[in-house]
Structure formats: C-alpha cells, structure tokens
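For reference, my_file-v3.cif (mmCIF, C-alpha atoms; chains and numbers go by the auth columns):
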data_entry
loop_
_atom_site.group_PDB
_atom_site.id
_atom_site.type_symbol
_atom_site.label_atom_id
_atom_site.label_comp_id
_atom_site.label_asym_id
_atom_site.label_seq_id
_atom_site.Cartn_x
_atom_site.Cartn_y
_atom_site.Cartn_z
_atom_site.B_iso_or_equiv
_atom_site.auth_seq_id
_atom_site.auth_asym_id
ATOM 1 C CA MET A 1 -7.055 0.375 -16.749 0.00 8 H
ATOM 2 C CA ALA A 2 -6.209 2.054 -13.483 0.00 9 H
ATOM 3 C CA VAL A 3 -4.236 5.274 -13.609 0.00 10 H
ATOM 4 C CA CYS A 4 -1.281 6.181 -11.387 0.00 11 H
ATOM 5 C CA LEU A 5 0.044 9.740 -11.669 0.00 12 H
ATOM 6 C CA LYS A 6 3.654 8.538 -11.416 0.00 13 H
ATOM 7 C CA TYR A 7 3.575 5.230 -13.319 0.00 14 H
ATOM 8 C CA GLY A 8 0.725 5.873 -15.764 0.00 15 H
ATOM 9 C CA LYS A 9 -1.904 3.367 -16.890 0.00 16 H
ATOM 10 C CA MET A 10 -1.890 -0.054 -15.258 0.00 17 H
ATOM 11 C CA SER A 11 -3.963 -3.147 -15.862 0.00 18 H
ATOM 12 C CA LEU A 12 -5.170 -4.487 -12.516 0.00 19 H
ATOM 13 C CA GLN A 13 -7.917 -7.023 -11.879 0.00 20 H
ATOM 14 C CA ASN A 14 -11.022 -5.649 -10.168 0.00 21 H
ATOM 15 C CA VAL A 15 -9.956 -2.000 -10.642 0.00 22 H
ATOM 16 C CA PRO A 16 -12.423 -0.050 -12.750 0.00 23 H
ATOM 17 C CA HIS A 17 -11.301 1.750 -15.910 0.00 24 H
ATOM 18 C CA LYS A 18 -9.556 5.067 -15.097 0.00 25 H
ATOM 19 C CA GLU A 19 -9.842 4.604 -11.314 0.00 26 H
ATOM 20 C CA PRO A 20 -6.984 6.554 -9.695 0.00 27 H
ATOM 21 C CA ILE A 21 -4.504 4.437 -7.719 0.00 28 H
ATOM 22 C CA PHE A 22 -1.529 5.224 -5.487 0.00 29 H
ATOM 23 C CA ILE A 23 1.455 2.897 -5.269 0.00 30 H
ATOM 24 C CA PHE A 24 3.870 2.497 -2.373 0.00 31 H
ATOM 25 C CA ARG A 25 7.221 0.846 -3.030 0.00 32 H
ATOM 26 C CA ALA A 26 9.237 -0.975 -0.369 0.00 33 H
ATOM 27 C CA GLN A 27 12.219 1.295 -1.010 0.00 34 H
ATOM 28 C CA ASP A 28 10.117 4.308 0.089 0.00 35 H
ATOM 29 C CA ILE A 29 11.319 5.099 3.611 0.00 36 H
ATOM 30 C CA PHE A 30 7.789 6.158 4.662 0.00 37 H
ATOM 31 C CA ALA A 31 5.780 3.317 3.078 0.00 38 H
ATOM 32 C CA GLY A 32 5.865 0.761 5.913 0.00 39 H
ATOM 33 C CA LYS A 33 4.753 3.387 8.426 0.00 40 H
ATOM 34 C CA TYR A 34 1.785 4.457 6.327 0.00 41 H
ATOM 35 C CA ILE A 35 0.710 0.919 5.503 0.00 42 H
ATOM 36 C CA LYS A 36 0.742 0.167 9.237 0.00 43 H
ATOM 37 C CA MET A 37 -1.416 3.257 9.848 0.00 44 H
ATOM 38 C CA TYR A 38 -3.810 2.020 7.155 0.00 45 H
ATOM 39 C CA ALA A 39 -3.988 -1.394 8.840 0.00 46 H
ATOM 40 C CA GLU A 40 -4.832 0.251 12.171 0.00 47 H
ATOM 41 C CA GLU A 41 -7.603 2.278 10.516 0.00 48 H
ATOM 42 C CA VAL A 42 -9.034 -0.836 8.851 0.00 49 H
ATOM 43 C CA LEU A 43 -9.100 -2.661 12.187 0.00 50 H
ATOM 44 C CA GLU A 44 -10.657 0.284 14.015 0.00 51 H
ATOM 45 C CA ARG A 45 -13.406 0.825 11.437 0.00 52 H
ATOM 46 C CA THR A 46 -14.215 -2.775 10.505 0.00 53 H
ATOM 47 C CA GLY A 47 -12.979 -5.002 13.335 0.00 54 H
ATOM 48 C CA ASP A 48 -11.667 -7.347 10.616 0.00 55 H
ATOM 49 C CA VAL A 49 -8.685 -8.929 12.355 0.00 56 H
ATOM 50 C CA ALA A 50 -7.791 -11.214 9.450 0.00 57 H
ATOM 51 C CA ASN A 51 -7.579 -8.313 7.001 0.00 58 H
ATOM 52 C CA TYR A 52 -5.665 -6.255 9.576 0.00 59 H
ATOM 53 C CA LYS A 53 -3.070 -9.017 9.932 0.00 60 H
ATOM 54 C CA LYS A 54 -2.738 -9.356 6.155 0.00 61 H
ATOM 55 C CA ILE A 55 -2.124 -5.621 5.734 0.00 62 H
ATOM 56 C CA LEU A 56 0.235 -5.545 8.722 0.00 63 H
ATOM 57 C CA LEU A 57 2.272 -8.370 7.185 0.00 64 H
ATOM 58 C CA SER A 58 2.730 -6.210 4.089 0.00 65 H
ATOM 59 C CA ALA A 59 3.926 -3.344 6.286 0.00 66 H
ATOM 60 C CA GLN A 60 6.408 -5.651 7.991 0.00 67 H
ATOM 61 C CA ASN A 61 7.698 -6.908 4.634 0.00 68 H
ATOM 62 C CA PHE A 62 8.177 -3.302 3.514 0.00 69 H
ATOM 63 C CA GLN A 63 10.130 -2.506 6.680 0.00 70 H
ATOM 64 C CA LEU A 64 12.436 -5.481 6.049 0.00 71 H
ATOM 65 C CA TRP A 65 13.380 -4.239 2.579 0.00 72 H
ATOM 66 C CA ALA A 66 17.073 -3.362 2.767 0.00 73 H
ATOM 67 C CA SER A 67 17.320 -0.486 0.291 0.00 74 H
ATOM 68 C CA LYS A 68 15.524 2.686 1.480 0.00 75 H
ATOM 69 C CA LYS A 69 15.264 6.186 0.083 0.00 76 H
ATOM 70 C CA ILE A 70 13.149 9.310 0.164 0.00 77 H
ATOM 71 C CA PRO A 71 10.513 8.933 -2.588 0.00 78 H
ATOM 72 C CA ASP A 72 10.911 10.746 -5.893 0.00 79 H
#
Take the structure from the file and write it as structure tokens.
Amino acid sequence: MAVCLKYGKMSLQNVPHKEPIFIFRAQDIFAGKYIKMYAEEVLERTGDVANYKKILLSAQNFQLWASKKIPD
C-alpha cells in the first residue's frame, strides 16, 4: 500500500508497499500548472514526446475543471 500524508494508505498497482505518494486534485488551483511543469521536465530529460503529451493532456484536463480552490 502506498501512503499519502493527507489521504492515508492507498492500494495502487505497481506502487511498492509504503512508498510515499503525492496526490493533486483538479480542484487545486495550482495543480494544472505543476503538472505542466512536470511534463516539461519529463520531455527535457527523456525526450519522450508521447509521455509528454500524455502528461500534458492531464494538465489540460485539470485546467478545464470548473471548481477551483486553494488546497487544504
């Protein structure tokens, strides 16, 4: 089980037991920006355009989410 400080233990495939995780939610006003930054870093370090596009699509979906707030 993965462990998130905010949400506790989570069962995720391919995540080792007790591996720390961090979760962004679409309602987080900063999430889309930081996912886009992550995508840029992935592209810069790996040159993997397909993975970059997949991550960027997630960022775009986050930015389209209507309800936004400062995270708790």
With the PyMOL selection byres ((chain H and resi 37) around 10) as the selection, what would be picked from this file? Answer as a compact mmCIF listing (two decimals) with C-alpha atoms, in the frame of the given file, please.
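Saved to part_9.txt:
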# COMPACT_ATOMS: atom_id res chain seq x y z
CA PHE H 31 3.87 2.50 -2.37
CA ARG H 32 7.22 0.85 -3.03
CA ALA H 33 9.24 -0.98 -0.37
CA GLN H 34 12.22 1.30 -1.01
CA ASP H 35 10.12 4.31 0.09
CA ILE H 36 11.32 5.10 3.61
CA ALA H 38 5.78 3.32 3.08
CA GLY H 39 5.86 0.76 5.91
CA LYS H 40 4.75 3.39 8.43
CA TYR H 41 1.78 4.46 6.33
CA ILE H 42 0.71 0.92 5.50
CA PHE H 69 8.18 -3.30 3.51
CA GLN H 70 10.13 -2.51 6.68
CA LYS H 75 15.52 2.69 1.48
CA LYS H 76 15.26 6.19 0.08
CA ILE H 77 13.15 9.31 0.16
CA PRO H 78 10.51 8.93 -2.59
Once the PyMOL selection byres ((chain H and resi 59) around 10) has been evaluated on this model, what residues remain selected, and can you format them as a short mmCIF file (atom, residue, chain, number, x, y, z; two decimals) with C-alpha atoms, in the coordinates of the input?
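Now in out.cif:
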data_model
loop_
_atom_site.label_atom_id
_atom_site.label_comp_id
_atom_site.auth_asym_id
_atom_site.auth_seq_id
_atom_site.Cartn_x
_atom_site.Cartn_y
_atom_site.Cartn_z
CA LYS H 43 0.74 0.17 9.24
CA TYR H 45 -3.81 2.02 7.16
CA ALA H 46 -3.99 -1.39 8.84
CA GLU H 47 -4.83 0.25 12.17
CA GLU H 48 -7.60 2.28 10.52
CA VAL H 49 -9.03 -0.84 8.85
CA LEU H 50 -9.10 -2.66 12.19
CA GLU H 51 -10.66 0.28 14.02
CA THR H 53 -14.22 -2.78 10.50
CA GLY H 54 -12.98 -5.00 13.34
CA ASP H 55 -11.67 -7.35 10.62
CA VAL H 56 -8.68 -8.93 12.36
CA ALA H 57 -7.79 -11.21 9.45
CA ASN H 58 -7.58 -8.31 7.00
CA LYS H 60 -3.07 -9.02 9.93
CA LYS H 61 -2.74 -9.36 6.16
CA ILE H 62 -2.12 -5.62 5.73
CA LEU H 63 0.24 -5.54 8.72
CA LEU H 64 2.27 -8.37 7.18
#
For atom CA of H:Asp79 and atom CA of H:Val10, the interatomic separation in Å (one decimal):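 Value for the atom CA of H:Asp79-atom CA of H:Val10 distance: 17.9 Å.
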Residue IDs satisfying the PyMOL selection byres ((chain H and resi 26) around 12), as number ranges by chain: H: 8-12, 15-25, 27-29
Given 3 Å of margin on each side, can you work out the centre and size in Å (one decimal) of an axis-aligned box holding every listed atom of stretch 12-30 of chain H, as AutoDock Vina command-line options?
--center_x -4.4 --center_y 1.4 --center_z -11.1 --size_x 22.1 --size_y 22.8 --size_z 17.6
